[in-house]
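This is protein_10.txt (compact mmCIF, C-alpha atoms).
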```txt
# COMPACT_ATOMS: atom_id res chain seq x y z
CA MET A 128 1.49 -15.66 -58.91
CA LYS A 129 3.16 -13.84 -56.06
CA LEU A 130 6.65 -12.69 -56.86
CA ASN A 131 9.65 -11.61 -54.85
CA ARG A 132 8.27 -12.54 -51.50
CA SER A 133 11.09 -12.13 -49.02
CA PHE A 134 10.16 -13.21 -45.54
CA ASN A 135 11.23 -11.64 -42.31
CA THR A 136 10.48 -13.50 -39.09
CA GLN A 137 7.23 -11.66 -38.46
CA GLN A 138 6.01 -12.66 -41.88
CA SER A 139 7.10 -16.23 -41.55
CA LYS A 140 5.31 -16.47 -38.19
CA GLN A 141 2.21 -15.16 -39.88
CA TYR A 142 2.79 -17.60 -42.68
CA ILE A 143 3.05 -20.55 -40.30
CA SER A 144 -0.11 -19.48 -38.48
CA TYR A 145 -1.79 -19.07 -41.86
CA CYS A 146 -0.76 -22.59 -42.86
CA TYR A 147 -2.03 -23.95 -39.57
CA LYS A 148 -5.39 -22.24 -40.02
CA LEU A 149 -5.59 -23.48 -43.58
CA PHE A 150 -4.88 -26.97 -42.32
CA CYS A 151 -7.69 -26.73 -39.74
CA ILE A 152 -10.11 -25.41 -42.33
CA LEU A 153 -9.21 -28.13 -44.79
CA LEU A 154 -9.67 -30.68 -42.03
CA ILE A 155 -13.15 -29.35 -41.33
CA ILE A 156 -14.07 -29.21 -44.99
CA PHE A 157 -12.69 -32.68 -45.52
CA SER A 158 -14.67 -34.00 -42.58
CA ALA A 159 -17.72 -32.26 -44.00
CA LEU A 160 -17.30 -34.11 -47.25
CA SER A 161 -16.52 -37.50 -45.81
CA SER A 162 -19.50 -38.84 -43.95
CA ALA A 163 -18.57 -38.45 -40.31
CA SER A 164 -21.15 -39.36 -37.72
CA PRO A 165 -23.15 -36.52 -36.17
CA LEU A 166 -21.26 -37.02 -32.93
CA GLN A 167 -17.93 -36.71 -34.75
CA ASP A 168 -19.12 -33.50 -36.41
CA GLN A 169 -20.08 -32.11 -33.05
CA THR A 170 -16.74 -32.99 -31.46
CA GLN A 171 -14.76 -31.59 -34.37
CA LEU A 172 -16.66 -28.31 -34.50
CA ARG A 173 -16.32 -27.80 -30.77
CA ARG A 174 -12.61 -28.45 -31.00
CA TYR A 175 -12.25 -26.01 -33.89
CA TYR A 176 -13.96 -23.22 -31.96
CA GLN A 177 -12.06 -24.08 -28.80
CA GLU A 178 -8.80 -23.52 -30.66
CA HIS A 179 -10.09 -20.19 -31.93
CA PHE A 180 -11.49 -19.00 -28.63
CA PRO A 181 -9.57 -20.77 -25.85
CA ASN A 182 -11.16 -18.58 -23.19
CA LEU A 183 -14.75 -19.49 -23.99
CA THR A 184 -16.66 -22.25 -22.25
CA LEU A 185 -19.55 -24.04 -23.96
CA LYS A 186 -22.02 -21.94 -22.02
CA ASP A 187 -20.59 -18.67 -23.39
CA TYR A 188 -21.71 -19.59 -26.89
CA SER A 189 -25.30 -18.88 -25.91
CA ASN A 190 -24.66 -15.17 -26.39
CA GLY A 191 -23.66 -15.31 -30.05
CA ILE A 192 -21.50 -12.46 -31.20
CA TYR A 193 -21.46 -10.88 -27.73
CA ALA A 194 -19.29 -13.71 -26.43
CA ILE A 195 -16.46 -12.65 -28.76
CA ASP A 196 -16.99 -8.95 -29.47
CA PRO A 197 -16.32 -6.95 -26.29
CA VAL A 198 -17.45 -3.64 -27.83
CA ALA A 199 -20.82 -4.94 -29.02
CA ARG A 200 -21.14 -6.79 -25.73
CA GLN A 201 -21.18 -3.55 -23.76
CA SER A 202 -24.07 -1.97 -25.62
CA TRP A 203 -25.91 -5.30 -25.53
CA GLN A 204 -25.59 -5.47 -21.76
CA ALA A 205 -27.00 -1.96 -21.52
CA ILE A 206 -30.01 -2.98 -23.64
CA GLU A 207 -30.51 -6.10 -21.52
CA GLU A 208 -31.31 -3.82 -18.55
CA PHE A 209 -34.68 -3.11 -20.16
CA PRO A 210 -35.03 -5.96 -22.62
CA PRO A 211 -37.25 -5.23 -25.63
CA TYR A 212 -38.46 -8.86 -25.67
CA GLU A 213 -40.16 -8.66 -22.26
CA ASN A 214 -43.54 -7.88 -23.73
CA ALA A 215 -43.28 -10.94 -25.97
CA ILE A 216 -42.77 -13.18 -22.94
CA GLU A 217 -45.82 -11.69 -21.18
CA GLN A 218 -48.04 -11.97 -24.23
CA GLY A 219 -46.75 -15.48 -24.82
CA GLU A 220 -47.57 -16.56 -21.28
CA ARG A 221 -51.13 -15.30 -21.71
CA LEU A 222 -51.55 -17.05 -25.08
CA PHE A 223 -50.02 -20.22 -23.74
CA ALA A 224 -52.57 -20.42 -20.92
CA ALA A 225 -55.57 -19.58 -23.11
CA ALA A 226 -58.00 -22.34 -24.03
CA LEU A 227 -57.94 -23.78 -27.55
CA PRO A 228 -61.32 -24.26 -29.33
CA ASP A 229 -61.95 -27.68 -27.75
CA GLY A 230 -61.13 -26.42 -24.25
CA LYS A 231 -57.65 -27.96 -24.16
CA GLN A 232 -54.45 -25.98 -23.74
CA TYR A 233 -50.97 -26.02 -25.25
CA ALA A 234 -49.82 -27.65 -22.03
CA ASP A 235 -51.79 -30.77 -23.02
CA CYS A 236 -49.65 -31.26 -26.13
CA PHE A 237 -46.17 -31.21 -24.65
CA ASP A 238 -43.92 -33.06 -22.21
CA ASN A 239 -43.80 -31.46 -18.78
CA LYS A 240 -46.80 -29.33 -19.75
CA GLY A 241 -44.55 -27.44 -22.17
CA MET A 242 -42.31 -25.98 -19.47
CA GLY A 243 -38.54 -26.06 -19.95
CA ILE A 244 -38.53 -28.19 -23.09
CA ALA A 245 -37.48 -25.79 -25.84
CA ASN A 246 -33.96 -27.22 -25.56
CA THR A 247 -35.22 -30.63 -26.79
CA TYR A 248 -36.39 -29.26 -30.18
CA PRO A 249 -36.17 -29.82 -33.07
CA ARG A 250 -37.11 -33.50 -32.81
CA TRP A 251 -37.25 -36.26 -35.36
CA ASP A 252 -40.84 -37.46 -35.79
CA THR A 253 -40.54 -41.17 -36.48
CA ALA A 254 -44.14 -41.57 -37.58
CA LYS A 255 -44.18 -38.62 -39.98
CA GLN A 256 -40.52 -38.95 -40.93
CA ILE A 257 -39.83 -35.23 -40.66
CA VAL A 258 -37.95 -32.83 -38.42
CA VAL A 259 -40.40 -31.11 -36.09
CA THR A 260 -39.26 -27.73 -34.82
CA LEU A 261 -40.85 -26.16 -31.75
CA ALA A 262 -42.77 -23.73 -33.97
CA ALA A 263 -44.08 -26.62 -36.08
CA ALA A 264 -45.02 -28.53 -32.90
CA ILE A 265 -47.04 -25.53 -31.71
CA ASN A 266 -49.01 -25.57 -34.95
CA GLU A 267 -49.45 -29.34 -34.77
CA CYS A 268 -50.89 -28.87 -31.31
CA ARG A 269 -53.28 -26.22 -32.57
CA ALA A 270 -54.41 -28.39 -35.48
CA HIS A 271 -54.96 -31.29 -33.10
CA HIS A 272 -57.23 -29.11 -30.96
CA HIS A 273 -59.09 -27.58 -33.91
CA ALA A 274 -57.42 -24.19 -33.95
CA ASP A 275 -56.16 -22.49 -37.09
CA GLU A 276 -52.42 -22.60 -37.65
CA LEU A 277 -50.45 -19.50 -36.72
CA ALA A 278 -48.31 -17.79 -39.35
CA TYR A 279 -44.69 -18.43 -38.49
CA ASN A 280 -43.59 -14.82 -38.80
CA GLN A 281 -46.48 -13.32 -36.82
CA ALA A 282 -46.49 -11.98 -33.29
CA ASP A 283 -48.70 -14.72 -31.74
CA MET A 284 -46.38 -17.51 -32.83
CA LEU A 285 -43.26 -15.57 -31.87
CA ASN A 286 -44.74 -14.72 -28.48
CA VAL A 287 -45.62 -18.32 -27.63
CA LEU A 288 -42.10 -19.31 -28.71
CA ALA A 289 -40.63 -16.53 -26.58
CA TYR A 290 -42.48 -17.75 -23.50
CA MET A 291 -41.56 -21.39 -24.07
CA ALA A 292 -37.90 -20.44 -24.58
CA TYR A 293 -38.00 -18.31 -21.46
CA THR A 294 -39.11 -21.28 -19.33
CA SER A 295 -36.16 -23.23 -20.79
CA ARG A 296 -33.43 -20.68 -20.14
CA GLY A 297 -30.20 -22.21 -18.92
CA LYS A 298 -31.12 -25.70 -20.10
CA PRO A 299 -28.50 -27.16 -22.43
CA ILE A 300 -29.64 -27.94 -25.96
CA ASN A 301 -30.34 -31.64 -26.10
CA VAL A 302 -31.26 -32.69 -29.62
CA VAL A 303 -31.21 -36.31 -30.71
CA VAL A 304 -30.51 -37.86 -34.09
CA PRO A 305 -31.86 -41.40 -33.61
CA GLU A 306 -29.08 -43.66 -34.80
CA LYS A 307 -31.17 -46.46 -36.15
CA ASP A 308 -33.36 -44.21 -38.28
CA GLU A 309 -31.72 -43.83 -41.67
CA ASN A 310 -34.08 -41.02 -42.64
CA ALA A 311 -33.32 -39.01 -39.51
CA LEU A 312 -29.66 -39.28 -40.32
CA GLN A 313 -30.39 -38.25 -43.88
CA ALA A 314 -32.29 -35.15 -42.73
CA TYR A 315 -29.32 -34.24 -40.56
CA GLU A 316 -26.92 -34.83 -43.45
CA GLN A 317 -29.01 -32.63 -45.73
CA GLY A 318 -28.87 -29.82 -43.19
CA LYS A 319 -25.15 -30.25 -42.94
CA ALA A 320 -24.67 -30.29 -46.72
CA PHE A 321 -26.67 -27.07 -46.93
CA TYR A 322 -24.38 -25.46 -44.38
CA TYR A 323 -21.25 -26.25 -46.36
CA GLN A 324 -22.70 -25.68 -49.83
CA ARG A 325 -21.45 -22.56 -51.55
CA GLN A 326 -24.34 -20.67 -53.10
CA GLY A 327 -25.57 -17.38 -54.46
CA GLN A 328 -23.88 -14.84 -56.66
CA LEU A 329 -21.29 -14.18 -53.98
CA ASN A 330 -20.42 -17.88 -53.77
CA PHE A 331 -20.48 -18.18 -49.98
CA ALA A 332 -21.47 -21.11 -47.81
CA CYS A 333 -22.83 -20.52 -44.30
CA ALA A 334 -19.58 -22.16 -43.23
CA THR A 335 -17.47 -19.63 -45.16
CA CYS A 336 -18.57 -16.92 -42.77
CA HIS A 337 -19.43 -18.67 -39.52
CA ILE A 338 -16.72 -21.37 -39.52
CA GLN A 339 -13.89 -20.49 -41.90
CA ASN A 340 -13.82 -16.77 -41.04
CA VAL A 341 -15.29 -16.87 -37.54
CA GLY A 342 -14.13 -13.98 -35.38
CA LYS A 343 -12.93 -11.99 -38.38
CA LYS A 344 -14.43 -8.74 -39.50
CA LEU A 345 -16.69 -8.44 -42.52
CA ARG A 346 -16.71 -4.63 -42.81
CA ALA A 347 -17.55 -3.59 -39.26
CA GLU A 348 -19.29 -6.88 -38.37
CA ILE A 349 -17.53 -9.63 -36.48
CA LEU A 350 -18.64 -13.07 -37.58
CA SER A 351 -20.15 -15.27 -34.86
CA PRO A 352 -19.58 -19.02 -34.43
CA SER A 353 -22.25 -21.46 -35.58
CA LEU A 354 -22.04 -23.11 -32.17
CA GLY A 355 -25.07 -21.79 -30.28
CA HIS A 356 -26.74 -20.29 -33.35
CA THR A 357 -30.05 -21.93 -32.48
CA ASN A 358 -30.25 -21.27 -28.76
CA ASN A 359 -31.34 -17.63 -28.52
CA TRP A 360 -34.61 -17.60 -30.45
CA PRO A 361 -36.86 -15.85 -31.02
CA THR A 362 -34.87 -12.65 -30.96
CA TYR A 363 -35.75 -8.98 -30.89
CA ARG A 364 -33.50 -7.70 -33.64
CA LEU A 365 -32.88 -3.95 -33.49
CA LYS A 366 -32.53 -3.91 -37.27
CA TRP A 367 -35.98 -5.49 -37.64
CA GLY A 368 -37.48 -3.43 -34.83
CA GLU A 369 -39.47 -6.50 -33.77
CA MET A 370 -39.25 -10.13 -32.72
CA GLY A 371 -38.25 -12.57 -35.41
CA SER A 372 -37.50 -16.25 -35.90
CA LEU A 373 -34.36 -18.26 -36.57
CA HIS A 374 -35.62 -19.08 -40.05
CA ARG A 375 -36.06 -15.40 -40.81
CA ARG A 376 -32.41 -14.93 -39.93
CA PHE A 377 -31.44 -17.85 -42.21
CA ALA A 378 -33.32 -16.14 -45.02
CA GLU A 379 -31.59 -12.85 -44.34
CA CYS A 380 -28.10 -14.37 -44.48
CA LEU A 381 -29.04 -16.08 -47.75
CA ALA A 382 -30.40 -12.84 -49.19
CA ASN A 383 -27.14 -11.11 -48.26
CA ILE A 384 -25.22 -13.46 -50.53
CA GLN A 385 -27.84 -13.19 -53.30
CA ALA A 386 -28.84 -16.82 -52.83
CA LYS A 387 -32.27 -18.39 -53.04
CA ALA A 388 -34.06 -18.23 -49.70
CA TYR A 389 -36.64 -20.76 -48.52
CA PRO A 390 -39.89 -20.19 -46.64
CA GLU A 391 -39.95 -20.49 -42.87
CA GLN A 392 -40.41 -24.12 -41.82
CA SER A 393 -39.52 -25.44 -45.28
CA VAL A 394 -37.87 -28.86 -45.24
CA GLU A 395 -34.57 -27.19 -46.13
CA PHE A 396 -34.67 -24.85 -43.13
CA ARG A 397 -35.93 -27.52 -40.74
CA ASN A 398 -33.06 -29.81 -41.69
CA LEU A 399 -30.61 -26.93 -41.42
CA GLU A 400 -31.92 -26.20 -37.93
CA TYR A 401 -31.59 -29.88 -37.08
CA PHE A 402 -27.90 -29.91 -38.03
CA LEU A 403 -27.14 -26.62 -36.28
CA SER A 404 -28.99 -27.61 -33.11
CA TYR A 405 -27.43 -31.04 -32.88
CA THR A 406 -23.92 -29.65 -33.25
CA SER A 407 -24.80 -27.03 -30.61
CA ASN A 408 -25.84 -29.63 -28.04
CA GLY A 409 -24.78 -28.57 -24.57
CA VAL A 410 -25.07 -24.82 -25.16
CA PRO A 411 -27.72 -23.45 -22.79
CA ILE A 412 -30.92 -21.83 -24.08
CA SER A 413 -30.83 -18.03 -23.78
CA GLY A 414 -33.93 -17.13 -25.75
CA PRO A 415 -35.72 -14.88 -26.14
CA SER A 416 -32.84 -12.55 -26.81
CA VAL A 417 -31.94 -9.20 -28.26
CA ARG A 418 -29.53 -8.77 -31.16
CA LYS A 419 -28.41 -5.70 -33.07
CA MET B 1110 10.36 31.16 -94.17
CA ILE B 1111 10.26 27.41 -94.52
CA LYS B 1112 12.36 27.19 -91.40
CA LEU B 1113 9.85 29.36 -89.57
CA MET B 1114 6.95 27.24 -90.80
CA ALA B 1115 8.71 24.07 -89.71
CA LYS B 1116 9.36 25.62 -86.33
CA SER B 1117 5.74 26.66 -85.83
CA ILE B 1118 4.53 23.26 -86.95
CA THR B 1119 6.77 21.56 -84.42
CA LEU B 1120 5.54 24.01 -81.82
CA LEU B 1121 1.95 23.34 -82.78
CA LEU B 1122 2.55 19.61 -82.74
CA SER B 1123 4.19 19.64 -79.37
CA VAL B 1124 1.44 21.81 -77.93
CA THR B 1125 -1.21 19.38 -79.16
CA LEU B 1126 0.83 16.48 -77.88
CA LEU B 1127 1.17 18.14 -74.50
CA ALA B 1128 -2.54 18.81 -74.45
CA CYS B 1129 -3.19 15.19 -75.32
CA ALA B 1130 -0.88 14.03 -72.60
CA ALA B 1131 -2.68 16.32 -70.17
CA THR B 1132 -6.10 14.90 -71.06
CA LEU B 1133 -4.69 11.40 -70.81
CA GLU B 1134 -3.39 12.24 -67.40
CA LYS B 1135 -6.74 13.67 -66.42
CA GLU B 1136 -8.54 10.64 -67.78
CA SER B 1137 -6.51 8.14 -65.82
CA GLY B 1138 -7.04 10.37 -62.77
CA GLN B 1139 -10.80 10.11 -63.33
CA LYS B 1140 -10.49 6.39 -63.91
CA ALA B 1141 -8.87 5.96 -60.53
CA GLU B 1142 -11.79 7.84 -58.95
CA THR B 1143 -14.32 5.43 -60.40
CA GLY B 1144 -12.16 2.43 -59.63
CA LYS B 1145 -12.10 3.61 -56.07
CA GLU B 1146 -15.86 4.01 -56.02
CA ILE B 1147 -16.25 0.48 -57.30
CA ALA B 1148 -13.92 -0.82 -54.61
CA PHE B 1149 -15.63 1.08 -51.79
CA SER B 1150 -19.29 0.90 -52.77
CA ARG B 1151 -21.32 -1.71 -50.93
CA ASN B 1152 -23.35 -2.69 -53.95
CA LYS B 1153 -20.39 -2.84 -56.34
CA GLY B 1154 -17.08 -4.44 -55.35
CA ASN B 1155 -17.45 -3.86 -51.62
CA CYS B 1156 -13.80 -4.90 -51.35
CA LEU B 1157 -13.69 -3.04 -48.03
CA ALA B 1158 -15.88 -5.79 -46.58
CA CYS B 1159 -12.77 -7.94 -46.48
CA HIS B 1160 -9.75 -5.75 -47.30
CA GLU B 1161 -8.14 -2.71 -45.76
CA ILE B 1162 -7.73 -0.04 -48.46
CA GLU B 1163 -6.21 3.35 -47.78
CA GLY B 1164 -8.95 5.89 -47.09
CA GLY B 1165 -11.68 3.28 -46.60
CA GLU B 1166 -13.70 3.30 -43.38
CA PHE B 1167 -14.44 0.19 -41.28
CA PRO B 1168 -12.56 -2.30 -43.41
CA GLY B 1169 -12.94 -6.03 -42.74
CA ASN B 1170 -9.91 -8.26 -42.20
CA ILE B 1171 -10.81 -11.44 -44.04
CA GLY B 1172 -8.28 -10.77 -46.82
CA PRO B 1173 -4.88 -9.00 -46.75
CA PRO B 1174 -4.63 -5.19 -47.03
CA LEU B 1175 -4.69 -4.05 -50.65
CA LYS B 1176 -1.52 -2.07 -51.25
CA GLU B 1177 1.76 -2.31 -53.18
CA LEU B 1178 0.15 -4.79 -55.54
CA PRO B 1179 2.76 -4.33 -58.31
CA LYS B 1180 5.18 -6.00 -55.88
CA ARG B 1181 2.94 -9.04 -55.55
CA PHE B 1182 1.63 -9.47 -59.07
CA LYS B 1183 3.77 -9.79 -62.16
CA ASN B 1184 1.40 -7.62 -64.19
CA LYS B 1185 -2.08 -6.15 -64.27
CA GLN B 1186 -3.41 -9.19 -66.08
CA GLN B 1187 -2.66 -11.41 -63.08
CA LEU B 1188 -4.34 -8.98 -60.74
CA ARG B 1189 -7.33 -8.97 -63.07
CA GLU B 1190 -7.48 -12.77 -62.88
CA GLN B 1191 -7.45 -12.70 -59.07
CA ILE B 1192 -10.48 -10.39 -59.10
CA ARG B 1193 -12.20 -12.20 -61.96
CA ASP B 1194 -12.08 -15.56 -60.25
CA ALA B 1195 -10.04 -15.99 -57.06
CA THR B 1196 -11.15 -19.63 -56.76
CA ARG B 1197 -8.78 -20.46 -59.62
CA PHE B 1198 -5.83 -19.82 -57.35
CA ASN B 1199 -7.36 -21.03 -54.10
CA PRO B 1200 -10.47 -23.24 -54.32
CA GLU B 1201 -11.27 -22.59 -50.66
CA THR B 1202 -10.97 -18.83 -50.91
CA SER B 1203 -13.64 -16.63 -49.31
CA MET B 1204 -13.28 -14.09 -52.08
CA PRO B 1205 -16.28 -13.94 -54.43
CA PRO B 1206 -15.55 -14.57 -58.14
CA PHE B 1207 -16.45 -11.04 -59.26
CA GLY B 1208 -16.04 -11.56 -63.00
CA LYS B 1209 -17.13 -15.16 -63.31
CA ASN B 1210 -20.35 -14.59 -61.35
CA LYS B 1211 -20.98 -11.26 -63.10
CA ILE B 1212 -20.91 -9.23 -59.91
CA LEU B 1213 -18.75 -6.71 -61.79
CA SER B 1214 -18.45 -6.12 -65.54
CA ALA B 1215 -15.15 -6.46 -67.41
CA GLU B 1216 -14.95 -2.65 -67.67
CA GLU B 1217 -15.52 -2.24 -63.95
CA ILE B 1218 -12.79 -4.75 -63.22
CA ASP B 1219 -10.42 -2.87 -65.54
CA LEU B 1220 -11.13 0.35 -63.66
CA LEU B 1221 -10.55 -1.45 -60.36
CA VAL B 1222 -7.25 -2.90 -61.57
CA ASP B 1223 -5.95 0.52 -62.65
CA TYR B 1224 -6.95 2.01 -59.31
CA LEU B 1225 -5.49 -0.81 -57.19
CA TRP B 1226 -2.27 -0.83 -59.22
CA SER B 1227 -1.68 2.78 -58.20
CA LEU B 1228 -1.98 2.18 -54.44
CA GLN B 1229 1.24 2.56 -52.46
```

Could you write out this structure as structure tokens?
Amino acid sequence: MKLNRSFNTQQSKQYISYCYKLFCILLIIFSALSSASPLQDQTQLRRYYQEHFPNLTLKDYSNGIYAIDPVARQSWQAIEEFPPYENAIEQGERLFAAALPDGKQYADCFDNKGMGIANTYPRWDTAKQIVVTLAAAINECRAHHHADELAYNQADMLNVLAYMAYTSRGKPINVVVPEKDENALQAYEQGKAFYYQRQGQLNFACATCHIQNVGKKLRAEILSPSLGHTNNWPTYRLKWGEMGSLHRRFAECLANIQAKAYPEQSVEFRNLEYFLSYTSNGVPISGPSVRK
Amino acid sequence: MIKLMAKSITLLLSVTLLACAATLEKESGQKAETGKEIAFSRNKGNCLACHEIEGGEFPGNIGPPLKELPKRFKNKQQLREQIRDATRFNPETSMPPFGKNKILSAEEIDLLVDYLWSLQ
């Protein structure tokens, strides 16, 4: 297809680096197709990003795009001086302490009275055979104590999540895929397949942007790594002008490629979160956060 | 007399021809304008999302800069195929299949091809 390509050294260097990148990408895609263990996925992804960003440590990935985009990082740091999510933490603390209809509190539902545990979600529920995200666990707690469920995109839910994340800041994500549970592994695999599945009119996979083209510019936007994508939630997104959830962000990325989106806390999104969280193990919680 | 008539007919003919050529010229100029709009517009080609194109603001860098394409493609048809369905040439490509997935119509792709072909 391409004719008369004469190479000078600059071009051939570029060509070699291109081939190398292609090789890495093919390796990742191949490993995505062959059934590697979750731990192998995690190791391979980390290695891939390490080669891309040799100066980053695991902990840096908690700041998403701001770890790799120095320009955006500056304005973000300025906003962090008076963080727009502070109110959410305060409201969340109040809601968290309030009594549920039967006199119990959220603290009665969680390990360590709910403090510093956001990094251990989502969890596989062996009895129910589903992935339980922290948001879903909050609603399970409410149901157990005879309170109505909270809507996942509403302030009360986001505020409780913000407070619980805040008490977990700095704690490395520690999500488990129980090895002996075939269904847990299957949920993880479904999340992974979703991540690598091309979809929508524009024919992108999540991985096309956040793995294959990580660090490159899509128009003026630099693409962030998937590593750490689950650690900064909920977030106050300037574009939204309010707090929002991880699943809302999933839906937005899907809408951008004209693909079918799923409701918050759908099985698809829970499994996706399971895969992303597991492969992000070790990245410290930084939620609630602010993003542009 | 006949000579004169012949002369004026030739003159007339050449004037019309010239005029035709001029409109053709103008038309392909207009074409390039629309092709450019399709390339730049976010809800059309949005090629700038991934490619540097002369005169385009905030280009992405996922694909190579779009210039001097006649040097890289044998003919317009091959360029058209790349835009219609880039996955044919590279299954792992990030480039959306604009024709195959009906993101752009065949006419829009033709306009794009003419425009891109003219870029230095």

| field | Top pick for closest residue to chain A, considering B:Gln1191, B:Asn1199, B:Asn1152, B:Asn1210 and counting all atoms listed in the file | value |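 Nearest candidate to chain A out of B:Gln1191, B:Asn1199, B:Asn1152, B:Asn1210: B:Asn1210.
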
| task | Report the distance between CA of Gly297 in chain A and CA of Ser413 in chain A in Å, rounded to one decimal place. | result |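 Calculated distance between CA of Gly297 in chain A and CA of Ser413 in chain A is 6.4 Å.
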
Would you write out, as a tab-separated table, a table of all residues in chain B that have an atom no more than 7 Å from an atom of chain A, listing for each the closest atom pair and the distance in Å to one decimal, considering only C-alpha atoms and ordering rows by chain and rising residue number?
```
residue	atom	partner	partner_atom	distance
B:Leu1157	CA	A:Arg346	CA	6.2
B:Ala1158	CA	A:Arg346	CA	4.0
B:Cys1159	CA	A:Leu345	CA	5.6
B:Phe1167	CA	A:Ala347	CA	5.3
B:Pro1168	CA	A:Arg346	CA	4.8
B:Gly1169	CA	A:Arg346	CA	4.0
B:Asn1170	CA	A:Lys344	CA	5.3
B:Ile1171	CA	A:Lys343	CA	6.1
B:Lys1180	CA	A:Leu130	CA	6.9
B:Arg1181	CA	A:Lys129	CA	4.8
B:Phe1182	CA	A:Lys129	CA	5.5
B:Lys1183	CA	A:Leu130	CA	6.7
B:Ser1203	CA	A:Thr335	CA	6.4
B:Pro1205	CA	A:Leu329	CA	5.0
B:Asn1210	CA	A:Gln328	CA	5.9
```

What are the centre and the three edge lengths of an axis-aligned box that wraps all atoms of range 404-410 of chain A in the file, given that 5 Å is added to every side, written as lines of an AutoDock Vina configuration file and rounded to one decimal in Å?
```
center_x = -26.5
center_y = -27.9
center_z = -28.9
size_x = 15.1
size_y = 16.2
size_z = 18.7
```

| task | Measure the distance from CA of Val302 in chain A to CA of Asn358 in chain A in Å and round it to one decimal. | result |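 So the answer is 11.5 Å.
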
| Atom-to-atom span, CA of Ile412 in chain A and CA of Tyr323 in chain A, Å |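 If I compute the distance from CA of Ile412 in chain A to CA of Tyr323 in chain A, I get 24.7 Å.
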
| message | Using only C-alpha atoms, which protein or nucleic acid residues come within 8 Å of Pro1206 in chain B? Drop anything in the same chain fewer than 6 positions from it, and give the result as number ranges by chain. | response | A: 329-330; B: 1192-1196, 1212

Output C-alpha atoms for every residue in the selection just made, as a tab-separated table (two decimals), keeping the file's coordinate frame.
```tsv
chain	number	residue	atom	x	y	z
A	329	LEU	CA	-21.29	-14.18	-53.98
A	330	ASN	CA	-20.42	-17.88	-53.77
B	1192	ILE	CA	-10.48	-10.39	-59.10
B	1193	ARG	CA	-12.20	-12.20	-61.96
B	1194	ASP	CA	-12.08	-15.56	-60.25
B	1195	ALA	CA	-10.04	-15.99	-57.06
B	1196	THR	CA	-11.15	-19.63	-56.76
B	1212	ILE	CA	-20.91	-9.23	-59.91
```

| request: Pick out the closest residue to Arg1151 in chain B from this set: B:Glu1201, B:Glu1166, B:Glu1190, B:Glu1216. Count only C-alpha atoms. | output: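 Of B:Glu1201, B:Glu1166, B:Glu1190, B:Glu1216, the one nearest Arg1151 in chain B, counting only C-alpha atoms, is B:Glu1166.
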
| Residue neighbourhood range 386-401 of chain A, 9 Å, all atoms listed in the file, exclusion window fewer than 6 positions, as an MDAnalysis selection string | chainID A and resid 248:251 257:260 262:263 279:280 302 304 314:322 326:331 357 372:375 377:380

| Closest of B:Met1204, B:Cys1156, B:Leu1228, B:Leu1220 to Lys1176 in chain B - atom-to-atom distances counting only C-alpha atoms | B:Leu1228

| query | Can you list, as a ChimeraX atom specification, every protein, DNA or RNA residue that comes within 10 Å of Leu1178 in chain B when you count all atoms listed in the file, leaving out same-chain residues fewer than 5 positions away? | reply | /A:129 /B:1183-1185,1188,1222,1225-1229

| said: Give me, as a ChimeraX atom specification, all polymer residues having an atom no more than 7 Å from Leu1175 in chain B, counting only C-alpha atoms and skipping those fewer than 3 positions away in the same chain. | reply: /B:1160-1162,1178

Any idea what's packed within 12 Å of Gly1144 in chain B, counting all atoms listed in the file, ignoring anything in its chain fewer than 3 positions away? Could you give it as a CSV table (one decimal) with C-alpha atoms, in the frame of the given file?
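Wrote it out as around-v9.csv, contents follow:
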```
chain,number,residue,atom,x,y,z
B,1137,SER,CA,-6.5,8.1,-65.8
B,1138,GLY,CA,-7.0,10.4,-62.8
B,1139,GLN,CA,-10.8,10.1,-63.3
B,1140,LYS,CA,-10.5,6.4,-63.9
B,1141,ALA,CA,-8.9,6.0,-60.5
B,1147,ILE,CA,-16.2,0.5,-57.3
B,1148,ALA,CA,-13.9,-0.8,-54.6
B,1149,PHE,CA,-15.6,1.1,-51.8
B,1150,SER,CA,-19.3,0.9,-52.8
B,1153,LYS,CA,-20.4,-2.8,-56.3
B,1154,GLY,CA,-17.1,-4.4,-55.4
B,1155,ASN,CA,-17.4,-3.9,-51.6
B,1156,CYS,CA,-13.8,-4.9,-51.4
B,1213,LEU,CA,-18.8,-6.7,-61.8
B,1216,GLU,CA,-15.0,-2.6,-67.7
B,1217,GLU,CA,-15.5,-2.2,-64.0
B,1218,ILE,CA,-12.8,-4.8,-63.2
B,1219,ASP,CA,-10.4,-2.9,-65.5
B,1220,LEU,CA,-11.1,0.4,-63.7
B,1221,LEU,CA,-10.6,-1.4,-60.4
B,1222,VAL,CA,-7.2,-2.9,-61.6
B,1223,ASP,CA,-6.0,0.5,-62.6
B,1224,TYR,CA,-7.0,2.0,-59.3
B,1225,LEU,CA,-5.5,-0.8,-57.2
B,1226,TRP,CA,-2.3,-0.8,-59.2
B,1227,SER,CA,-1.7,2.8,-58.2
B,1228,LEU,CA,-2.0,2.2,-54.4
```
